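This report concerns only the one structure given below.
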Amino acid sequence: MSASSWGPLQGVKVVSCSTAQAGTVPYMLMADLGADVIKIEAPDGGDGSRRMTVLPGMPSTFFETNNRGVKSVTLNLKSPEGRAILHKLVAKADIFGQNFRPGAAEKNGFGWDELRKVNPKLVYVSISGYGTRGPNGHLPGTDSMAQALGGIAEAYSTPGQKMRTGIASVADESTAMLAFGGALAALTHARTTGVGQKVDLSLLGSLVRLLGWTFTTTMWRNKNPVTGQARITGTAERPGISASFNDRDGKPLVFQLTGPDNWTDAMMALGFHSRIKAAGFENLGVIIDNDARREELLALLDDLFATGTRDDWVARLREADIVSAPINTMLEASSDPDVLANGYVTEIDYPKHGKRLKIHGTPWQFSETPAKPGIAPELGNHNDAALAELGYSAAEIKDLRARKVI
């Protein structure tokens with residue numbers, strides 16, 4: 001298999017024994033950037049996510065999104081020959097990844113202690129649900145579990161209603177981004193020193209990191225944040241607000257302010273200043289730590305925004321250099337002009353299905369080594385090429401296939 005000819009990760013070789021989302025997206029991102037990524041799958045059916053969310057006449061949205069651009073090699077890792085082939089692949093790799101339930105990798109011949117003997121420079125990325133050191137470290141984990149434990153359900157909750165985990169896999173994706181960065185950080189060290197290492201991370205730990213400064217503020221105040229329509233920040237002297245409102249047609253928008261001058265500028269631009277002043281809200285600081293006044297202000301703004309259109313309100317705020325945006329549905333986001341112009345969503349041909357479909361673009365813009373999204377592989381599509389590169393003859397490959405080693 002020849003090295004890719006695009007992206008800043010040209011020449012980086014990755015082997016992944018990973019499934020689902022958090023365990024596959026880091027290496028899909030590497031493939032976008034030119035890395036040579038081999039995904040190991042079981043010969044009988046492969047990654048179960050191949051069969052998730054398959055729309056009529058299209059590939060699996062789940063598998064395609066999380067595995068595009070990688071190469072599929074099938075190995076029966078319960079057989080000595082299958083494990084031997086894996087070790088040969090790892091000997092040539094820079095990075096290895098797995099996200100099996102704790103203990104499963106060691107049981108099946110691809111734990112850290114075993115693979116580091118095969119390749120001392122190897123970066124070994126291991127993803128778990130809870131982390132490895134706590135009382136629940138032995139348990140399997142999912143995105144919903146991490147959302148539930150990590151606190152993000154509160155961040156999007158509405159007072160008086162039940163907290164719920166969200167539809168978007170924010171814990172999985174956060175973990176994937178951190179695994180991507182952690183792996184490349186460890187690879188830099190390995191190439192400098194010749195010493196590989198294991199990188200452990202978890203869905204729960206990644207979700208906690210995602211909460212950022214809001215989590216810090218909660219801990220320092222020892223008080224849960226106020227949730228709902230608005231986020232109030234700062235002090236009475238320098239108040240801030242981020243709040244969402246519906247226009248007269250029920251279309252939502254958001255604006256964010258970071259100080260008293262912003263507040264005056266925003267209310268003047270919207271034509272709300274006289275009403276706001278008359279109601280005693282000329283100084284936004286009066287709502288800091290005052291729940292009743294905060295709700296009174298939000299109710300007034302609800303009424304005011306309901307007198308016009310979202311496009312007009314957003315245009316007025318932006319003209320005054322106030323941060324504002326429409327609140328998009330996912331479908332609206334997929335056609336947002338900035339999303340499209342920057343290539344965050346793009347289109348790609350799927351010859352097998354005879355379609356050209358929208359897909360995630362890439363979040364990076366490299367001036368010299370651009371990224372290149374691909375499509376996900378058919379199961380075992382790269383068996384022959386991968387084994388030939390390891391020195392197996394056509395006859396040997398045919399024999400391995402007949403005996404269901406691959």
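Convention: chains lettered A, B, ... in structure tokens order; per-chain residue numbering from 1; ligands numbered from 1 as shown.
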Let's see if you can do this: from backbone DSSP, list all helix (DSSP H, G or I) residues in segment 174-376 of chain A, as a PDB file with C-alpha atoms, in the first residue's frame.
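Just written: out_23.pdb:
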```pdb
ATOM      1  CA  SER A 174     -14.733  15.169  22.527  1.00  0.00           C
ATOM      2  CA  THR A 175     -12.831  12.000  23.354  1.00  0.00           C
ATOM      3  CA  ALA A 176     -11.934  11.530  19.712  1.00  0.00           C
ATOM      4  CA  MET A 177     -10.517  15.053  19.441  1.00  0.00           C
ATOM      5  CA  LEU A 178      -8.448  14.612  22.602  1.00  0.00           C
ATOM      6  CA  ALA A 179      -7.240  11.178  21.471  1.00  0.00           C
ATOM      7  CA  PHE A 180      -6.202  12.699  18.137  1.00  0.00           C
ATOM      8  CA  GLY A 181      -4.161  15.401  19.862  1.00  0.00           C
ATOM      9  CA  GLY A 182      -2.775  13.102  22.549  1.00  0.00           C
ATOM     10  CA  ALA A 183      -1.612  10.548  20.009  1.00  0.00           C
ATOM     11  CA  LEU A 184       0.211  13.146  17.936  1.00  0.00           C
ATOM     12  CA  ALA A 185       1.789  14.669  21.062  1.00  0.00           C
ATOM     13  CA  ALA A 186       3.095  11.248  22.066  1.00  0.00           C
ATOM     14  CA  LEU A 187       4.253  10.609  18.494  1.00  0.00           C
ATOM     15  CA  THR A 188       6.319  13.808  18.603  1.00  0.00           C
ATOM     16  CA  HIS A 189       7.974  12.534  21.781  1.00  0.00           C
ATOM     17  CA  ALA A 190       8.560   9.074  20.288  1.00  0.00           C
ATOM     18  CA  ARG A 191      10.211  10.500  17.191  1.00  0.00           C
ATOM     19  CA  THR A 192      12.409  12.741  19.298  1.00  0.00           C
ATOM     20  CA  THR A 193      13.464  10.162  21.894  1.00  0.00           C
ATOM     21  CA  LEU A 203     -15.293   9.372  27.729  1.00  0.00           C
ATOM     22  CA  LEU A 204     -15.944  10.754  31.196  1.00  0.00           C
ATOM     23  CA  GLY A 205     -12.681  12.673  31.428  1.00  0.00           C
ATOM     24  CA  SER A 206     -13.153  14.169  27.987  1.00  0.00           C
ATOM     25  CA  LEU A 207     -16.679  15.317  28.789  1.00  0.00           C
ATOM     26  CA  VAL A 208     -15.469  17.047  31.960  1.00  0.00           C
ATOM     27  CA  ARG A 209     -12.826  18.882  29.886  1.00  0.00           C
ATOM     28  CA  LEU A 210     -15.520  19.927  27.396  1.00  0.00           C
ATOM     29  CA  GLY A 212     -14.377  24.207  30.377  1.00  0.00           C
ATOM     30  CA  TRP A 213     -14.547  27.365  32.471  1.00  0.00           C
ATOM     31  CA  THR A 214     -18.191  26.780  33.401  1.00  0.00           C
ATOM     32  CA  PHE A 215     -17.112  23.698  35.343  1.00  0.00           C
ATOM     33  CA  THR A 216     -14.374  25.686  37.101  1.00  0.00           C
ATOM     34  CA  THR A 217     -16.808  28.434  38.076  1.00  0.00           C
ATOM     35  CA  THR A 218     -19.244  25.868  39.454  1.00  0.00           C
ATOM     36  CA  MET A 219     -16.530  24.299  41.602  1.00  0.00           C
ATOM     37  CA  TRP A 220     -15.182  27.613  42.875  1.00  0.00           C
ATOM     38  CA  ARG A 221     -18.648  28.915  43.734  1.00  0.00           C
ATOM     39  CA  PRO A 260     -22.189  47.457  30.150  1.00  0.00           C
ATOM     40  CA  ASP A 261     -21.211  49.275  26.955  1.00  0.00           C
ATOM     41  CA  ASN A 262     -22.227  46.241  24.880  1.00  0.00           C
ATOM     42  CA  TRP A 263     -25.605  46.247  26.614  1.00  0.00           C
ATOM     43  CA  THR A 264     -26.329  49.876  25.753  1.00  0.00           C
ATOM     44  CA  ASP A 265     -25.115  49.453  22.164  1.00  0.00           C
ATOM     45  CA  ALA A 266     -27.260  46.348  21.675  1.00  0.00           C
ATOM     46  CA  MET A 267     -30.446  47.895  23.068  1.00  0.00           C
ATOM     47  CA  MET A 268     -29.930  51.050  20.983  1.00  0.00           C
ATOM     48  CA  ALA A 269     -29.348  49.023  17.807  1.00  0.00           C
ATOM     49  CA  LEU A 270     -32.481  46.967  18.388  1.00  0.00           C
ATOM     50  CA  HIS A 273     -33.460  51.150  24.782  1.00  0.00           C
ATOM     51  CA  SER A 274     -36.365  53.357  25.844  1.00  0.00           C
ATOM     52  CA  ARG A 275     -38.462  50.362  26.956  1.00  0.00           C
ATOM     53  CA  ILE A 276     -35.521  48.817  28.769  1.00  0.00           C
ATOM     54  CA  LYS A 277     -34.693  52.073  30.537  1.00  0.00           C
ATOM     55  CA  ALA A 278     -38.294  52.658  31.572  1.00  0.00           C
ATOM     56  CA  LEU A 284     -27.694  45.220  33.180  1.00  0.00           C
ATOM     57  CA  GLY A 285     -25.889  44.682  36.477  1.00  0.00           C
ATOM     58  CA  VAL A 286     -29.189  44.800  38.408  1.00  0.00           C
ATOM     59  CA  ILE A 287     -29.950  41.217  37.351  1.00  0.00           C
ATOM     60  CA  ASP A 291     -33.469  35.850  40.018  1.00  0.00           C
ATOM     61  CA  ALA A 292     -36.699  37.841  40.005  1.00  0.00           C
ATOM     62  CA  ARG A 293     -35.228  40.783  38.105  1.00  0.00           C
ATOM     63  CA  ARG A 294     -33.539  38.423  35.653  1.00  0.00           C
ATOM     64  CA  GLU A 295     -36.831  36.715  34.814  1.00  0.00           C
ATOM     65  CA  GLU A 296     -38.557  40.101  34.490  1.00  0.00           C
ATOM     66  CA  LEU A 297     -35.936  41.283  31.990  1.00  0.00           C
ATOM     67  CA  LEU A 298     -36.089  38.084  29.948  1.00  0.00           C
ATOM     68  CA  ALA A 299     -39.886  38.305  29.755  1.00  0.00           C
ATOM     69  CA  LEU A 300     -39.640  41.884  28.483  1.00  0.00           C
ATOM     70  CA  LEU A 301     -37.058  40.918  25.869  1.00  0.00           C
ATOM     71  CA  ASP A 302     -39.243  37.987  24.805  1.00  0.00           C
ATOM     72  CA  ASP A 303     -42.041  40.447  24.047  1.00  0.00           C
ATOM     73  CA  LEU A 304     -39.758  42.865  22.225  1.00  0.00           C
ATOM     74  CA  PHE A 305     -38.097  40.282  19.990  1.00  0.00           C
ATOM     75  CA  ARG A 310     -34.876  37.058  13.176  1.00  0.00           C
ATOM     76  CA  ASP A 311     -32.972  38.163  10.089  1.00  0.00           C
ATOM     77  CA  ASP A 312     -33.578  41.813  10.947  1.00  0.00           C
ATOM     78  CA  TRP A 313     -32.615  41.462  14.616  1.00  0.00           C
ATOM     79  CA  VAL A 314     -29.416  39.606  13.804  1.00  0.00           C
ATOM     80  CA  ALA A 315     -28.482  42.118  11.103  1.00  0.00           C
ATOM     81  CA  ARG A 316     -29.004  45.052  13.477  1.00  0.00           C
ATOM     82  CA  LEU A 317     -26.907  43.483  16.215  1.00  0.00           C
ATOM     83  CA  ARG A 318     -24.091  42.555  13.865  1.00  0.00           C
ATOM     84  CA  GLU A 319     -24.098  46.061  12.402  1.00  0.00           C
ATOM     85  CA  MET A 330     -28.940  20.618  12.252  1.00  0.00           C
ATOM     86  CA  LEU A 331     -30.451  20.729   8.762  1.00  0.00           C
ATOM     87  CA  GLU A 332     -30.110  24.512   8.635  1.00  0.00           C
ATOM     88  CA  ALA A 333     -26.523  24.229   9.887  1.00  0.00           C
ATOM     89  CA  PRO A 337     -23.212  29.898   4.181  1.00  0.00           C
ATOM     90  CA  ASP A 338     -20.162  30.023   6.476  1.00  0.00           C
ATOM     91  CA  VAL A 339     -20.248  26.256   6.993  1.00  0.00           C
ATOM     92  CA  LEU A 340     -20.261  25.689   3.241  1.00  0.00           C
ATOM     93  CA  ALA A 341     -17.767  28.416   2.320  1.00  0.00           C
ATOM     94  CA  PRO A 351     -19.801   5.229  -6.869  1.00  0.00           C
ATOM     95  CA  LYS A 352     -21.260   2.066  -5.322  1.00  0.00           C
ATOM     96  CA  HIS A 353     -24.493   3.897  -4.561  1.00  0.00           C
TER      97      HIS A 353
END
```
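Backbone DSSP of segment 329-387 of chain A yields strand (DSSP E) at A:Val345, A:Thr346, A:Glu347, A:Ile348, A:Asp349, A:Tyr350, A:Lys355, A:Arg356, A:Leu357, A:Lys358, A:Ile359, A:His360.
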Contacts of segment 56-130 of chain A with segment 33-41 of chain A up to 12 Å, shortest pair per row, only C-alpha atoms, as a tab-separated table:
```
residue	atom	partner	partner_atom	distance
A:Asn66	CA	A:Lys39	CA	11.4
A:Asn67	CA	A:Lys39	CA	8.5
A:Arg68	CA	A:Val37	CA	10.2
A:Gly69	CA	A:Val37	CA	7.9
A:Val70	CA	A:Val37	CA	5.1
A:Lys71	CA	A:Ile38	CA	4.7
A:Ser72	CA	A:Lys39	CA	5.0
A:Val73	CA	A:Ile40	CA	5.1
A:Thr74	CA	A:Glu41	CA	4.7
A:Leu75	CA	A:Glu41	CA	6.2
A:Asn76	CA	A:Glu41	CA	8.1
A:Leu77	CA	A:Glu41	CA	9.2
A:Gly82	CA	A:Ile40	CA	10.4
A:Arg83	CA	A:Ile40	CA	11.0
A:Ile85	CA	A:Ile40	CA	10.7
A:Leu86	CA	A:Ile40	CA	8.4
A:His87	CA	A:Ile40	CA	11.8
A:Leu89	CA	A:Ile38	CA	8.8
A:Val90	CA	A:Ile38	CA	10.1
A:Lys92	CA	A:Asp36	CA	11.1
A:Ala93	CA	A:Asp36	CA	9.3
A:Asp94	CA	A:Asp36	CA	10.0
A:Ile95	CA	A:Val37	CA	9.2
A:Phe96	CA	A:Ile38	CA	9.6
A:Gly97	CA	A:Lys39	CA	9.5
A:Gln98	CA	A:Ile40	CA	10.0
A:Phe110	CA	A:Ile40	CA	11.5
```
**Item:** Residues near Pro373 of chain A, cut-off 9 Å, only C-alpha atoms, skip fewer than 4 positions along chain, as a ChimeraX atom specification
**Value:** /A:28-29,31-33,68-69,348,359-362
Based on the selection just made, write N, CA and C atoms of those residues as a PDB file, in the first residue's frame.
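Result went into result-v8.pdb, see below:
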```
ATOM      1  N   MET A  28      -9.819   8.288  11.759  1.00  0.00           N
ATOM      2  CA  MET A  28     -10.439   8.850  10.562  1.00  0.00           C
ATOM      3  C   MET A  28      -9.892  10.245  10.297  1.00  0.00           C
ATOM      4  N   LEU A  29      -9.747  11.051  11.363  1.00  0.00           N
ATOM      5  CA  LEU A  29      -9.181  12.393  11.194  1.00  0.00           C
ATOM      6  C   LEU A  29      -7.747  12.313  10.690  1.00  0.00           C
ATOM      7  N   ALA A  31      -6.550   9.928   8.848  1.00  0.00           N
ATOM      8  CA  ALA A  31      -6.631   9.538   7.443  1.00  0.00           C
ATOM      9  C   ALA A  31      -6.948  10.740   6.559  1.00  0.00           C
ATOM     10  N   ASP A  32      -7.849  11.620   7.029  1.00  0.00           N
ATOM     11  CA  ASP A  32      -8.131  12.854   6.301  1.00  0.00           C
ATOM     12  C   ASP A  32      -6.853  13.651   6.042  1.00  0.00           C
ATOM     13  N   LEU A  33      -5.921  13.565   6.998  1.00  0.00           N
ATOM     14  CA  LEU A  33      -4.702  14.355   6.920  1.00  0.00           C
ATOM     15  C   LEU A  33      -3.531  13.583   6.322  1.00  0.00           C
ATOM     16  N   ARG A  68     -14.265   6.949   7.357  1.00  0.00           N
ATOM     17  CA  ARG A  68     -13.928   7.283   5.978  1.00  0.00           C
ATOM     18  C   ARG A  68     -12.405   7.374   5.820  1.00  0.00           C
ATOM     19  N   GLY A  69     -11.941   6.970   4.669  1.00  0.00           N
ATOM     20  CA  GLY A  69     -10.532   7.132   4.336  1.00  0.00           C
ATOM     21  C   GLY A  69      -9.586   6.112   4.924  1.00  0.00           C
ATOM     22  N   ILE A 348     -19.209  14.462  -1.703  1.00  0.00           N
ATOM     23  CA  ILE A 348     -18.288  13.454  -2.226  1.00  0.00           C
ATOM     24  C   ILE A 348     -19.086  12.395  -2.986  1.00  0.00           C
ATOM     25  N   ILE A 359     -21.185  15.417   3.212  1.00  0.00           N
ATOM     26  CA  ILE A 359     -20.463  14.809   4.318  1.00  0.00           C
ATOM     27  C   ILE A 359     -19.800  15.911   5.145  1.00  0.00           C
ATOM     28  N   HIS A 360     -19.293  15.536   6.324  1.00  0.00           N
ATOM     29  CA  HIS A 360     -18.431  16.447   7.063  1.00  0.00           C
ATOM     30  C   HIS A 360     -17.220  16.788   6.190  1.00  0.00           C
ATOM     31  N   GLY A 361     -16.850  18.061   6.167  1.00  0.00           N
ATOM     32  CA  GLY A 361     -15.564  18.418   5.599  1.00  0.00           C
ATOM     33  C   GLY A 361     -14.506  18.195   6.666  1.00  0.00           C
ATOM     34  N   THR A 362     -13.503  19.046   6.719  1.00  0.00           N
ATOM     35  CA  THR A 362     -12.513  18.964   7.792  1.00  0.00           C
ATOM     36  C   THR A 362     -12.435  20.331   8.478  1.00  0.00           C
TER      37      THR A 362
END
```
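The shortest atom-to-atom distance to Val118 of chain A, with only C-alpha atoms taken into account, belongs to A:Ala84 out of A:Pro252, A:Gly194, A:Gly103, A:Ala84.
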**Asked** Could you work out how far atom CA of Pro239 of chain A lies from atom CA of Ser157 of chain A, giving the answer in Å with one decimal?
**Response** 22.4 Å
**Request:** Fewer than 5 positions away in the same chain doesn't count, so skip those; otherwise give me all residues within 12 Å of Ser367 of chain A, counting only C-alpha atoms, as JSON, numbers by chain.
**Result:** {"A": [6, 7, 8]}
Output for the residues just chosen: C-alpha atoms as a tab-separated table (two decimals), in the first residue's frame:
```tsv
chain	number	residue	atom	x	y	z
A	6	TRP	CA	-1.85	14.66	0.67
A	7	GLY	CA	-2.06	16.04	4.16
A	8	PRO	CA	0.51	16.87	6.86
```
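What separates atom CA of Gly228 of chain A from atom CA of Ser242 of chain A is a distance of 10.7 Å.
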**Request:** Please provide as a ChimeraX atom specification all residues within 9 Å of Leu357 of chain A, with the sequence filter that same-chain residues fewer than 5 positions apart are discarded (counting only C-alpha atoms).
**Result:** /A:346-350
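Going from atom CA of Asp47 of chain A to atom CA of Pro370 of chain A covers 29.0 Å.
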